[in-house]
file model.tsv (TSV, C-alpha atoms and all ligand atoms)
chain	number	residue	atom	x	y	z
W	1	MET	CA	65.32	-101.80	-27.39
W	2	PRO	CA	66.64	-104.15	-30.10
W	3	THR	CA	64.66	-102.25	-32.74
W	4	GLY	CA	66.57	-99.09	-31.78
W	5	VAL	CA	70.08	-100.48	-32.33
W	6	VAL	CA	72.12	-98.32	-34.68
W	7	MET	CA	75.43	-99.52	-36.04
W	8	ASP	CA	77.36	-96.25	-36.08
W	9	ARG	CA	80.07	-97.79	-38.22
W	10	LEU	CA	80.70	-101.25	-39.67
W	11	LEU	CA	84.28	-102.38	-39.13
W	12	SER	CA	84.21	-105.80	-40.79
W	13	ALA	CA	81.93	-108.81	-41.38
W	14	SER	CA	81.98	-109.50	-37.63
W	15	GLU	CA	82.45	-106.15	-35.87
W	16	ALA	CA	80.71	-102.77	-35.65
W	17	ILE	CA	80.75	-99.67	-33.50
W	18	ILE	CA	77.47	-99.60	-31.53
W	19	ASN	CA	76.84	-96.93	-28.85
W	20	GLY	CA	80.45	-95.83	-29.36
W	21	LYS	CA	81.74	-99.32	-28.47
W	22	ARG	CA	83.55	-101.93	-30.55
W	23	THR	CA	81.00	-104.77	-30.74
W	24	VAL	CA	81.06	-108.31	-32.15
W	25	THR	CA	78.08	-108.70	-34.49
W	26	ALA	CA	76.47	-112.10	-33.99
W	27	GLY	CA	73.00	-110.97	-35.01
W	28	THR	CA	73.29	-110.66	-38.78
W	29	HIS	CA	72.91	-113.55	-41.21
W	30	ASN	CA	76.18	-112.87	-42.97
W	31	TYR	CA	76.82	-116.62	-42.66
W	32	LEU	CA	79.84	-116.81	-44.95
W	33	GLY	CA	81.14	-113.30	-44.26
W	34	LEU	CA	80.66	-112.40	-47.92
W	35	ALA	CA	79.07	-108.98	-47.26
W	36	PHE	CA	82.65	-107.78	-46.73
W	37	ASP	CA	84.38	-110.05	-49.21
W	38	GLU	CA	86.93	-108.22	-51.36
W	39	ALA	CA	85.89	-109.92	-54.64
W	40	CYS	CA	82.18	-109.18	-53.99
W	41	ILE	CA	82.89	-105.53	-53.16
W	42	GLU	CA	85.11	-105.09	-56.22
W	43	ALA	CA	82.44	-106.64	-58.47
W	44	ALA	CA	79.82	-104.27	-57.06
W	45	VAL	CA	82.05	-101.21	-57.49
W	46	ALA	CA	82.87	-102.11	-61.10
W	47	ALA	CA	79.17	-102.67	-61.87
W	48	VAL	CA	78.03	-99.41	-60.36
W	49	ARG	CA	80.65	-97.55	-62.42
W	50	ALA	CA	79.73	-99.36	-65.62
W	51	GLU	CA	75.95	-99.57	-65.32
W	52	GLY	CA	74.85	-96.95	-62.82
W	53	THR	CA	73.16	-97.05	-59.45
W	54	GLY	CA	69.78	-98.52	-60.37
W	55	THR	CA	67.67	-100.06	-63.11
W	56	CYS	CA	64.87	-97.54	-62.51
W	57	GLY	CA	62.10	-99.98	-63.34
W	58	SER	CA	60.77	-103.49	-63.58
W	59	ARG	CA	61.99	-106.08	-66.03
W	60	ILE	CA	58.66	-106.43	-67.83
W	61	ALA	CA	58.49	-102.65	-68.37
W	62	ASN	CA	62.15	-101.69	-68.82
W	63	GLY	CA	63.70	-104.96	-69.92
W	64	SER	CA	66.43	-106.97	-68.23
W	65	PHE	CA	70.12	-106.14	-67.92
W	66	SER	CA	72.27	-108.95	-69.29
W	67	ASP	CA	73.59	-109.52	-65.76
W	68	HIS	CA	70.09	-110.39	-64.46
W	69	VAL	CA	69.89	-113.09	-67.10
W	70	ALA	CA	73.44	-114.31	-66.37
W	71	LEU	CA	72.66	-114.53	-62.65
W	72	GLU	CA	69.53	-116.56	-63.36
W	73	ARG	CA	71.51	-118.92	-65.57
W	74	GLU	CA	74.11	-119.37	-62.83
W	75	LEU	CA	71.51	-120.00	-60.12
W	76	ALA	CA	69.73	-122.61	-62.24
W	77	ALA	CA	73.04	-124.37	-62.96
W	78	PHE	CA	74.08	-124.18	-59.29
W	79	HIS	CA	70.92	-126.03	-58.21
W	80	GLY	CA	70.96	-128.33	-61.26
W	81	MET	CA	67.54	-127.03	-62.32
W	82	ALA	CA	66.38	-125.78	-65.71
W	83	HIS	CA	64.83	-122.44	-64.75
W	84	ALA	CA	65.48	-119.55	-62.36
W	85	MET	CA	63.77	-116.25	-61.59
W	86	VAL	CA	65.34	-113.46	-59.59
W	87	PHE	CA	63.29	-111.17	-57.31
W	88	SER	CA	64.11	-107.89	-55.59
W	89	THR	CA	63.92	-109.47	-52.10
W	90	GLY	CA	63.59	-112.96	-50.63
W	91	TYR	CA	60.30	-111.84	-49.12
W	92	GLN	CA	58.96	-111.07	-52.59
W	93	ALA	CA	60.23	-114.39	-53.96
W	94	ASN	CA	58.09	-116.30	-51.45
W	95	LEU	CA	55.18	-113.89	-51.72
W	96	GLY	CA	55.18	-114.01	-55.52
W	97	VAL	CA	55.93	-117.64	-56.25
W	98	ILE	CA	53.65	-119.18	-53.62
W	99	SER	CA	50.69	-116.89	-54.27
W	100	THR	CA	50.92	-117.38	-58.04
W	101	LEU	CA	51.47	-121.15	-58.18
W	102	VAL	CA	48.15	-121.86	-56.48
W	103	GLY	CA	44.73	-120.23	-56.84
W	104	ALA	CA	41.02	-120.82	-56.26
W	105	GLY	CA	40.27	-124.51	-55.61
W	106	ASP	CA	43.93	-125.29	-54.77
W	107	PHE	CA	45.56	-126.01	-51.39
W	108	LEU	CA	48.65	-124.68	-49.65
W	109	LEU	CA	50.01	-126.90	-46.90
W	110	LEU	CA	52.43	-125.00	-44.75
W	111	ASP	CA	54.51	-125.79	-41.71
W	112	ALA	CA	53.04	-123.98	-38.68
W	113	ASP	CA	56.38	-122.22	-38.02
W	114	SER	CA	56.62	-120.73	-41.51
W	115	HIS	CA	58.20	-117.34	-42.10
W	116	ALA	CA	55.99	-114.24	-42.42
W	117	SER	CA	56.62	-114.09	-46.19
W	118	ILE	CA	54.98	-117.53	-46.54
W	119	TYR	CA	52.02	-116.55	-44.37
W	120	ASP	CA	51.67	-113.31	-46.33
W	121	ALA	CA	51.65	-115.30	-49.59
W	122	CYS	CA	48.62	-117.19	-48.24
W	123	LYS	CA	46.78	-113.89	-47.92
W	124	GLN	CA	47.53	-113.05	-51.57
W	125	THR	CA	45.98	-116.18	-53.06
W	126	GLN	CA	42.50	-117.66	-53.18
W	127	ALA	CA	43.91	-121.12	-52.47
W	128	SER	CA	42.98	-122.60	-49.08
W	129	ALA	CA	45.88	-122.48	-46.62
W	130	ILE	CA	46.17	-125.42	-44.22
W	131	ARG	CA	48.83	-125.59	-41.51
W	132	PHE	CA	50.45	-128.80	-40.35
W	133	LYS	CA	52.42	-129.30	-37.14
W	134	HIS	CA	55.97	-128.03	-37.26
W	135	ASN	CA	58.42	-130.57	-38.72
W	136	ASP	CA	55.78	-133.31	-38.45
W	137	PRO	CA	55.36	-135.46	-41.60
W	138	ALA	CA	52.53	-137.45	-39.92
W	139	SER	CA	50.56	-134.25	-39.40
W	140	LEU	CA	51.11	-133.34	-43.09
W	141	ASP	CA	50.02	-136.85	-44.07
W	142	ALA	CA	46.78	-136.50	-42.08
W	143	ARG	CA	45.98	-133.14	-43.71
W	144	LEU	CA	46.67	-134.45	-47.22
W	145	ARG	CA	44.61	-137.60	-46.60
W	146	ARG	CA	41.61	-135.44	-45.80
W	147	LEU	CA	42.08	-133.69	-49.17
W	148	SER	CA	42.40	-136.89	-51.19
W	149	ASP	CA	39.10	-136.42	-53.06
W	150	GLN	CA	39.82	-132.75	-53.86
W	151	PRO	CA	40.93	-132.18	-57.46
W	152	GLY	CA	42.88	-128.92	-56.82
W	153	VAL	CA	46.67	-128.54	-56.88
W	154	LYS	CA	48.35	-129.17	-53.53
W	155	LEU	CA	51.58	-127.34	-52.71
W	156	VAL	CA	53.56	-128.20	-49.58
W	157	VAL	CA	55.83	-125.40	-48.30
W	158	VAL	CA	58.67	-125.98	-45.82
W	159	GLU	CA	61.93	-124.27	-44.89
W	160	GLY	CA	65.41	-125.80	-44.88
W	161	ILE	CA	66.52	-124.25	-41.58
W	162	TYR	CA	63.87	-122.49	-39.47
W	163	SER	CA	64.89	-119.00	-38.49
W	164	MET	CA	63.85	-118.83	-34.84
W	165	LEU	CA	65.23	-122.07	-33.34
W	166	GLY	CA	67.63	-122.99	-36.15
W	167	ASP	CA	66.04	-126.43	-36.48
W	168	ILE	CA	66.07	-128.39	-39.73
W	169	ALA	CA	63.12	-129.82	-41.71
W	170	PRO	CA	62.79	-133.65	-41.98
W	171	LEU	CA	62.75	-133.10	-45.74
W	172	ARG	CA	63.07	-136.73	-46.85
W	173	ASP	CA	59.91	-137.73	-44.97
W	174	ILE	CA	58.05	-134.55	-45.97
W	175	VAL	CA	58.83	-135.17	-49.66
W	176	ALA	CA	57.81	-138.85	-49.39
W	177	VAL	CA	54.45	-137.91	-47.86
W	178	ALA	CA	53.87	-135.15	-50.43
W	179	LYS	CA	54.69	-137.42	-53.39
W	180	ARG	CA	52.43	-140.16	-52.06
W	181	HIS	CA	49.55	-137.68	-52.23
W	182	GLY	CA	50.56	-136.13	-55.57
W	183	ALA	CA	51.47	-132.80	-53.95
W	184	PHE	CA	54.18	-130.41	-55.15
W	185	VAL	CA	56.96	-129.38	-52.73
W	186	LEU	CA	58.56	-125.95	-52.33
W	187	VAL	CA	61.54	-125.54	-50.00
W	188	ASP	CA	62.56	-122.12	-48.76
W	189	GLU	CA	66.34	-122.42	-48.36
W	190	ALA	CA	66.78	-118.82	-47.10
W	191	HIS	CA	68.90	-119.95	-44.14
W	192	SER	CA	70.29	-123.18	-45.61
W	193	MET	CA	71.62	-122.10	-49.02
W	194	GLY	CA	75.40	-121.70	-48.67
W	195	VAL	CA	75.17	-123.51	-45.33
W	196	LEU	CA	74.04	-127.09	-46.02
W	197	GLY	CA	74.97	-129.58	-48.75
W	198	GLU	CA	78.33	-130.54	-50.17
W	199	ARG	CA	78.09	-127.79	-52.80
W	200	GLY	CA	76.21	-125.41	-50.50
W	201	CYS	CA	72.89	-125.72	-52.37
W	202	GLY	CA	70.96	-126.29	-49.16
W	203	LEU	CA	68.97	-128.99	-47.41
W	204	ALA	CA	67.54	-130.52	-50.60
W	205	GLU	CA	71.08	-131.16	-51.81
W	206	GLN	CA	72.25	-132.47	-48.43
W	207	GLU	CA	69.37	-134.97	-48.40
W	208	GLY	CA	69.91	-135.99	-52.05
W	209	LEU	CA	66.48	-134.59	-52.97
W	210	LEU	CA	67.30	-131.95	-55.57
W	211	GLY	CA	65.57	-134.03	-58.22
W	212	GLU	CA	62.47	-134.53	-56.05
W	213	VAL	CA	61.76	-131.02	-54.85
W	214	ASP	CA	59.66	-128.99	-57.31
W	215	PHE	CA	60.63	-125.44	-56.32
W	216	VAL	CA	63.50	-124.04	-54.30
W	217	VAL	CA	63.33	-120.45	-53.03
W	218	GLY	CA	66.40	-118.65	-51.74
W	219	THR	CA	67.55	-115.21	-50.70
W	220	PHE	CA	70.63	-113.11	-51.44
W	221	SER	CA	70.45	-111.42	-48.04
W	222	LYS	CA	72.08	-114.10	-45.93
W	223	SER	CA	74.89	-116.36	-47.22
W	224	LEU	CA	75.30	-114.19	-50.31
W	225	GLY	CA	75.66	-110.98	-48.31
W	226	ALA	CA	73.43	-108.66	-50.37
W	227	ILE	CA	69.69	-108.32	-51.02
W	228	GLY	CA	67.30	-110.10	-53.39
W	229	GLY	CA	65.70	-113.49	-53.78
W	230	TYR	CA	65.16	-116.26	-56.32
W	231	CYS	CA	63.26	-119.37	-57.22
W	232	VAL	CA	64.58	-122.31	-59.26
W	233	SER	CA	62.60	-125.18	-60.74
W	234	ASP	CA	62.56	-127.84	-63.44
W	235	HIS	CA	58.90	-127.17	-64.15
W	236	ALA	CA	58.44	-126.83	-67.94
W	237	GLN	CA	56.06	-123.87	-67.67
W	238	PHE	CA	58.00	-122.08	-64.94
W	239	ASP	CA	58.65	-118.96	-67.04
W	240	ILE	CA	54.91	-118.22	-67.19
W	241	LEU	CA	55.44	-116.80	-63.70
W	242	ARG	CA	57.21	-113.83	-65.29
W	243	LEU	CA	53.86	-112.73	-66.74
W	244	ALA	CA	51.67	-113.62	-63.79
W	245	CYS	CA	53.62	-113.02	-60.61
W	246	ARG	CA	52.85	-109.52	-59.40
W	247	PRO	CA	55.72	-109.13	-56.85
W	248	TYR	CA	58.06	-109.86	-59.80
W	249	MET	CA	56.26	-107.74	-62.39
W	250	PHE	CA	55.42	-104.56	-60.53
W	251	THR	CA	58.59	-103.56	-58.75
W	252	ALA	CA	62.02	-102.37	-59.85
W	253	SER	CA	64.58	-105.05	-60.64
W	254	LEU	CA	67.80	-105.51	-58.67
W	255	PRO	CA	70.47	-102.82	-59.23
W	256	PRO	CA	73.65	-103.73	-61.14
W	257	ALA	CA	75.91	-103.54	-58.08
W	258	THR	CA	73.76	-106.06	-56.22
W	259	VAL	CA	73.57	-108.46	-59.16
W	260	ALA	CA	77.35	-108.26	-59.57
W	261	SER	CA	78.13	-108.87	-55.88
W	262	VAL	CA	75.66	-111.76	-55.77
W	263	ARG	CA	77.31	-113.37	-58.81
W	264	ALA	CA	80.69	-113.06	-57.11
W	265	ALA	CA	79.24	-114.44	-53.86
W	266	LEU	CA	77.69	-117.40	-55.69
W	267	ALA	CA	81.10	-118.11	-57.22
W	268	ALA	CA	82.58	-118.02	-53.69
W	269	VAL	CA	79.97	-120.53	-52.45
W	270	ARG	CA	80.89	-122.80	-55.38
W	271	GLU	CA	84.65	-122.38	-55.23
W	272	ARG	CA	85.46	-121.82	-51.54
W	273	PRO	CA	83.99	-124.74	-49.53
W	274	GLY	CA	86.41	-123.73	-46.76
W	275	LEU	CA	84.01	-120.89	-45.88
W	276	ARG	CA	81.25	-123.42	-45.14
W	277	ALA	CA	83.64	-125.59	-43.16
W	278	ARG	CA	84.68	-122.57	-41.09
W	279	LEU	CA	81.03	-121.61	-40.50
W	280	TRP	CA	80.28	-125.10	-39.17
W	281	ARG	CA	83.42	-125.17	-37.04
W	282	ASN	CA	82.36	-121.88	-35.41
W	283	THR	CA	78.78	-123.12	-35.03
W	284	ARG	CA	79.83	-126.34	-33.26
W	285	ARG	CA	82.28	-124.44	-31.06
W	286	LEU	CA	79.50	-122.17	-29.71
W	287	TYR	CA	76.75	-124.82	-29.66
W	288	ASP	CA	78.89	-127.36	-27.80
W	289	THR	CA	80.22	-124.85	-25.25
W	290	LEU	CA	76.74	-123.51	-24.46
W	291	THR	CA	75.26	-127.02	-24.25
W	292	ALA	CA	78.02	-128.14	-21.88
W	293	ALA	CA	77.34	-125.07	-19.72
W	294	GLY	CA	73.73	-126.19	-19.32
W	295	PHE	CA	71.85	-123.82	-21.63
W	296	GLN	CA	68.77	-125.07	-23.42
W	297	LEU	CA	69.37	-124.52	-27.15
W	298	GLY	CA	67.48	-125.23	-30.38
W	299	PRO	CA	67.30	-129.00	-31.03
W	300	THR	CA	70.00	-129.26	-33.72
W	301	PRO	CA	73.25	-127.37	-34.23
W	302	SER	CA	72.94	-124.82	-37.02
W	303	PRO	CA	74.38	-121.34	-37.60
W	304	ILE	CA	71.32	-119.98	-35.78
W	305	VAL	CA	72.13	-120.83	-32.16
W	306	ALA	CA	68.98	-120.09	-30.16
W	307	VAL	CA	69.40	-119.79	-26.38
W	308	CYS	CA	66.03	-120.43	-24.70
W	309	LEU	CA	65.50	-118.38	-21.53
W	310	PRO	CA	62.85	-118.58	-18.81
W	311	SER	CA	61.16	-115.18	-19.27
W	312	ASP	CA	60.89	-112.15	-21.52
W	313	GLU	CA	62.30	-109.97	-18.71
W	314	ILE	CA	65.46	-112.08	-18.33
W	315	THR	CA	65.86	-112.25	-22.10
W	316	MET	CA	65.64	-108.47	-22.47
W	317	ALA	CA	68.01	-107.88	-19.54
W	318	MET	CA	70.56	-110.40	-20.82
W	319	TRP	CA	70.36	-108.97	-24.33
W	320	ARG	CA	71.07	-105.47	-22.95
W	321	ALA	CA	73.93	-106.73	-20.76
W	322	LEU	CA	75.45	-108.64	-23.71
W	323	LEU	CA	75.38	-105.47	-25.79
W	324	ASP	CA	77.06	-103.56	-22.95
W	325	ASP	CA	79.69	-106.33	-22.96
W	326	GLY	CA	80.29	-105.81	-26.69
W	327	TYR	CA	78.21	-108.64	-28.22
W	328	TYR	CA	75.25	-107.97	-30.49
W	329	VAL	CA	72.76	-110.85	-30.89
W	330	ASN	CA	69.08	-111.01	-31.87
W	331	ILE	CA	66.19	-111.33	-29.53
W	332	GLY	CA	63.11	-113.52	-30.08
W	333	LEU	CA	60.00	-112.97	-27.99
W	334	PRO	CA	56.39	-114.19	-28.29
W	335	PRO	CA	54.34	-113.94	-30.45
W	336	ALA	CA	57.23	-114.01	-32.97
W	337	THR	CA	58.59	-117.31	-31.57
W	338	PRO	CA	57.01	-120.67	-32.48
W	339	SER	CA	55.80	-121.88	-29.07
W	340	GLY	CA	56.05	-118.68	-27.07
W	341	GLU	CA	59.76	-119.13	-26.28
W	342	SER	CA	61.87	-116.20	-25.09
W	343	LEU	CA	65.25	-116.47	-26.73
W	344	LEU	CA	68.53	-114.90	-27.66
W	345	ARG	CA	69.45	-115.82	-31.21
W	346	CYS	CA	73.11	-115.89	-32.17
W	347	ALA	CA	73.75	-115.90	-35.92
W	348	ILE	CA	77.17	-117.41	-36.52
W	349	SER	CA	79.47	-116.48	-39.39
W	350	ALA	CA	82.53	-117.96	-41.05
W	351	ALA	CA	84.04	-114.52	-40.42
W	352	HIS	CA	83.97	-114.93	-36.62
W	353	SER	CA	87.34	-115.66	-35.06
W	354	ASP	CA	87.81	-118.29	-32.35
W	355	ALA	CA	88.32	-115.44	-29.86
W	356	GLN	CA	84.99	-113.85	-30.85
W	357	ILE	CA	83.10	-117.15	-30.52
W	358	ASP	CA	84.75	-117.93	-27.18
W	359	GLY	CA	84.15	-114.37	-25.94
W	360	LEU	CA	80.44	-114.62	-26.82
W	361	ALA	CA	80.17	-118.02	-25.10
W	362	ASP	CA	81.95	-116.71	-21.97
W	363	ALA	CA	79.71	-113.63	-21.80
W	364	LEU	CA	76.55	-115.73	-22.19
W	365	ILE	CA	77.66	-118.18	-19.51
W	366	ARG	CA	78.65	-115.40	-17.09
W	367	LEU	CA	75.30	-113.66	-17.61
W	368	GLY	CA	73.42	-116.96	-17.46
W	369	ARG	CA	74.86	-117.49	-13.97
W	370	ALA	CA	74.28	-113.89	-12.90
W	371	PHE	CA	70.62	-114.04	-13.95
W	372	GLY	CA	70.06	-117.45	-12.34
W	373	VAL	CA	69.50	-119.27	-15.64
W	374	LEU	CA	72.54	-121.48	-15.06
W	375	PRO	CA	73.67	-122.78	-11.67
W	376	ASP	CA	76.25	-120.50	-10.10
W	377	VAL	CA	79.28	-122.80	-9.98
W	378	ARG	CA	81.00	-120.70	-7.29
W	379	CYS	CA	77.98	-121.14	-4.97
W	380	ALA	CA	77.72	-124.83	-5.82
W	381	ALA	CA	81.41	-125.34	-5.04
W	382	ALA	CA	81.04	-123.58	-1.66
W	383	LEU	CA	78.27	-125.93	-0.47
A	1	LIG	N1	62.35	-116.82	-45.80
A	1	LIG	C1	62.87	-116.98	-44.57
A	1	LIG	C2	62.79	-118.32	-43.92
A	1	LIG	C3	63.45	-115.89	-43.91
A	1	LIG	O1	63.95	-116.05	-42.67
A	1	LIG	C4	63.50	-114.64	-44.56
A	1	LIG	C5	64.16	-113.43	-43.93
A	1	LIG	N2	64.52	-113.48	-42.66
A	1	LIG	C6	62.94	-114.53	-45.84
A	1	LIG	C7	62.39	-115.64	-46.43
A	1	LIG	C8	62.93	-113.21	-46.55
A	1	LIG	O2	64.19	-112.92	-47.06
A	1	LIG	P1	64.71	-111.43	-47.27
A	1	LIG	O3	64.94	-110.84	-45.91
A	1	LIG	O4	65.96	-111.63	-48.01
A	1	LIG	O5	63.68	-110.68	-48.01

call {"tool": "encode", "arguments": {"input": "model.tsv", "output": "structure tokens", "more": "lines below"}}
Ligand code: PMP
result
Amino acid sequence: MPTGVVMDRLLSASEAIINGKRTVTAGTHNYLGLAFDEACIEAAVAAVRAEGTGTCGSRIANGSFSDHVALERELAAFHGMAHAMVFSTGYQANLGVISTLVGAGDFLLLDADSHASIYDACKQTQASAIRFKHNDPASLDARLRRLSDQPGVKLVVVEGIYSMLGDIAPLRDIVAVAKRHGAFVLVDEAHSMGVLGERGCGLAEQEGLLGEVDFVVGTFSKSLGAIGGYCVSDHAQFDILRLACRPYMFTASLPPATVASVRAALAAVRERPGLRARLWRNTRRLYDTLTAAGFQLGPTPSPIVAVCLPSDEITMAMWRALLDDGYYVNIGLPPATPSGESLLRCAISAAHSDAQIDGLADALIRLGRAFGVLPDVRCAAAL
């Protein structure tokens, strides 16, 4: 079972020993390979030596380390926003920010395919949560129109890249609809920060909307190769969240080693655009090869390459066979997938070599033929 996979030993950003076998890891979200970056590791080691292994408490109780504050300053500057708040996970960033920004009498409008952390935030607030159809600005428009005589705050929540199918939000149209109805917009850039935009800020940057989006949430657990989350905003009263947001207030702050590696990783996103270029080159290489072979993939190329398969049984069997072949990918089965798809999810990294990408594509195509998902070219040629 996928939940039972143990990486006996990590060899690099793209390889591990699993079940005693050298395996290409294409099921982590180490998009830029920075979890094994020398500068990030050195920064973490120096911080743990200088400041210890943990902060042993929350920032409101124990105070902040200067590095927490420096990281927040750097994140705000990176996104060109005035304020930033760092959380102990990306999950808590969504949970805390979304549930605190809106309350009784307010409205949360969320894309139907939202991540669990966004759905869980809805359970933590007295605001009314209303879903609109995935990536459908007209559906959002219809929902907001029905709320036009309601005085409460309206907050629209979308993601930059959606984690199951790797598809991208039509952010320009979503923002236009939201603004027309006086609604605020929050974009979760968990999978798009470091991946999209000329500077790697995410979808809002790519679409030229950084000045229009009210809140951006991100995580340190994907492109930045660590753990933690953040929110940035230009909102004048943003810092009130520090005294109202329970998932920020009542948990221990990020340890020094994590803050240090994240600062080094953020510098890498800023200063090494070649990593992003390499990530996209690898992504297109896999996406194009699998498309040409006849697989049905997510609708747009992104570093999450989702291979849609006809049944849960075939998906499980192909996942197992891929692992036996030395390729570790994720599995997506209903009810976790948006429309009940069964899929294998490949998470591509800048750290993958051409040989690893081609090897994964070859293994998928071979298994696709063996399991009858793709036409068997040998049989077709014999007819
Ligand atoms: N938002 C999205 C869209 C995610 O996919 C995830 C994690 N997969 C999170 C938030 C939570 O981030 P983290 O795992 O860093 O807590």

call {"tool": "residues_around", "arguments": {"input": "model.tsv", "residues": "segment 226-232 of chain W", "least_positions_apart": "2", "cutoff": "8 Å", "atoms": "all atoms listed in the file", "output": "MDAnalysis selection string"}}
result
chainID W and resid 35 75:76 79 81:93 97 215:222 224 234 254 258 261:262

call {"tool": "residues_around", "arguments": {"input": "model.tsv", "residues": "Asp354 of chain W", "least_positions_apart": "2", "cutoff": "12 Å", "atoms": "all atoms listed in the file", "output": "PyMOL selection string"}}
result
chain W and resi 14+278-279+281-286+348-352+356-361

call {"tool": "residues_around", "arguments": {"input": "model.tsv", "residues": "segment 147-153 of chain W", "least_positions_apart": "6", "cutoff": "7 Å", "atoms": "only C-alpha atoms", "output": "ChimeraX atom specification"}}
result
/W:102,105-107

call {"tool": "residues_around", "arguments": {"input": "model.tsv", "residues": "Gly211 of chain W", "least_positions_apart": "2", "cutoff": "10 Å", "atoms": "all atoms listed in the file", "output": "list in words"}}
result
His79, Gly80, Met81, Ala204, Glu205, Gly208, Leu209, Val213, Asp214, Ser233 and Asp234 of chain W

call {"tool": "atom_distance", "arguments": {"input": "model.tsv", "atom1": "atom CA of Tyr328 of chain W", "atom2": "atom CA of Ser353 of chain W"}}
result
15.0 Å

call {"tool": "closest_residue", "arguments": {"input": "model.tsv", "among": "W:Ala317, W:Ile18, W:Val6, W:Leu203", "to": "Asp167 of chain W", "atoms": "all atoms listed in the file"}}
result
W:Leu203

call {"tool": "residues_around", "arguments": {"input": "model.tsv", "residues": "segment 329-337 of chain W", "least_positions_apart": "6", "cutoff": "12 Å", "atoms": "all atoms listed in the file", "output": "PDB file with C-alpha atoms, in the frame of the given file"}}
result
ATOM      1  CA  MET W   1      65.320-101.800 -27.390  1.00  0.00           C
ATOM      2  CA  PRO W   2      66.640-104.150 -30.100  1.00  0.00           C
ATOM      3  CA  THR W   3      64.660-102.250 -32.740  1.00  0.00           C
ATOM      4  CA  VAL W   5      70.080-100.480 -32.330  1.00  0.00           C
ATOM      5  CA  SER W  14      81.980-109.500 -37.630  1.00  0.00           C
ATOM      6  CA  GLU W  15      82.450-106.150 -35.870  1.00  0.00           C
ATOM      7  CA  THR W  23      81.000-104.770 -30.740  1.00  0.00           C
ATOM      8  CA  VAL W  24      81.060-108.310 -32.150  1.00  0.00           C
ATOM      9  CA  THR W  25      78.080-108.700 -34.490  1.00  0.00           C
ATOM     10  CA  ALA W  26      76.470-112.100 -33.990  1.00  0.00           C
ATOM     11  CA  GLY W  27      73.000-110.970 -35.010  1.00  0.00           C
ATOM     12  CA  THR W  28      73.290-110.660 -38.780  1.00  0.00           C
ATOM     13  CA  HIS W  29      72.910-113.550 -41.210  1.00  0.00           C
ATOM     14  CA  ALA W 112      53.040-123.980 -38.680  1.00  0.00           C
ATOM     15  CA  ASP W 113      56.380-122.220 -38.020  1.00  0.00           C
ATOM     16  CA  SER W 114      56.620-120.730 -41.510  1.00  0.00           C
ATOM     17  CA  HIS W 115      58.200-117.340 -42.100  1.00  0.00           C
ATOM     18  CA  ALA W 116      55.990-114.240 -42.420  1.00  0.00           C
ATOM     19  CA  TYR W 162      63.870-122.490 -39.470  1.00  0.00           C
ATOM     20  CA  SER W 163      64.890-119.000 -38.490  1.00  0.00           C
ATOM     21  CA  MET W 164      63.850-118.830 -34.840  1.00  0.00           C
ATOM     22  CA  LEU W 165      65.230-122.070 -33.340  1.00  0.00           C
ATOM     23  CA  GLY W 166      67.630-122.990 -36.150  1.00  0.00           C
ATOM     24  CA  GLY W 298      67.480-125.230 -30.380  1.00  0.00           C
ATOM     25  CA  ILE W 304      71.320-119.980 -35.780  1.00  0.00           C
ATOM     26  CA  VAL W 305      72.130-120.830 -32.160  1.00  0.00           C
ATOM     27  CA  ALA W 306      68.980-120.090 -30.160  1.00  0.00           C
ATOM     28  CA  VAL W 307      69.400-119.790 -26.380  1.00  0.00           C
ATOM     29  CA  CYS W 308      66.030-120.430 -24.700  1.00  0.00           C
ATOM     30  CA  LEU W 309      65.500-118.380 -21.530  1.00  0.00           C
ATOM     31  CA  PRO W 310      62.850-118.580 -18.810  1.00  0.00           C
ATOM     32  CA  SER W 311      61.160-115.180 -19.270  1.00  0.00           C
ATOM     33  CA  ASP W 312      60.890-112.150 -21.520  1.00  0.00           C
ATOM     34  CA  GLU W 313      62.300-109.970 -18.710  1.00  0.00           C
ATOM     35  CA  ILE W 314      65.460-112.080 -18.330  1.00  0.00           C
ATOM     36  CA  THR W 315      65.860-112.250 -22.100  1.00  0.00           C
ATOM     37  CA  MET W 316      65.640-108.470 -22.470  1.00  0.00           C
ATOM     38  CA  ALA W 317      68.010-107.880 -19.540  1.00  0.00           C
ATOM     39  CA  MET W 318      70.560-110.400 -20.820  1.00  0.00           C
ATOM     40  CA  TRP W 319      70.360-108.970 -24.330  1.00  0.00           C
ATOM     41  CA  ARG W 320      71.070-105.470 -22.950  1.00  0.00           C
ATOM     42  CA  ALA W 321      73.930-106.730 -20.760  1.00  0.00           C
ATOM     43  CA  LEU W 322      75.450-108.640 -23.710  1.00  0.00           C
ATOM     44  CA  LEU W 323      75.380-105.470 -25.790  1.00  0.00           C
ATOM     45  CA  LEU W 343      65.250-116.470 -26.730  1.00  0.00           C
ATOM     46  CA  LEU W 344      68.530-114.900 -27.660  1.00  0.00           C
ATOM     47  CA  ARG W 345      69.450-115.820 -31.210  1.00  0.00           C
ATOM     48  CA  CYS W 346      73.110-115.890 -32.170  1.00  0.00           C
ATOM     49  CA  ALA W 347      73.750-115.900 -35.920  1.00  0.00           C
ATOM     50  CA  ILE W 348      77.170-117.410 -36.520  1.00  0.00           C
ATOM     51  CA  LEU W 360      80.440-114.620 -26.820  1.00  0.00           C
ATOM     52  CA  ALA W 361      80.170-118.020 -25.100  1.00  0.00           C
ATOM     53  CA  ALA W 363      79.710-113.630 -21.800  1.00  0.00           C
ATOM     54  CA  LEU W 364      76.550-115.730 -22.190  1.00  0.00           C
TER      55      LEU W 364
END

call {"tool": "atom_distance", "arguments": {"input": "model.tsv", "atom1": "atom CA of Gly20 of chain W", "atom2": "atom CA of Ile41 of chain W"}}
result
25.8 Å
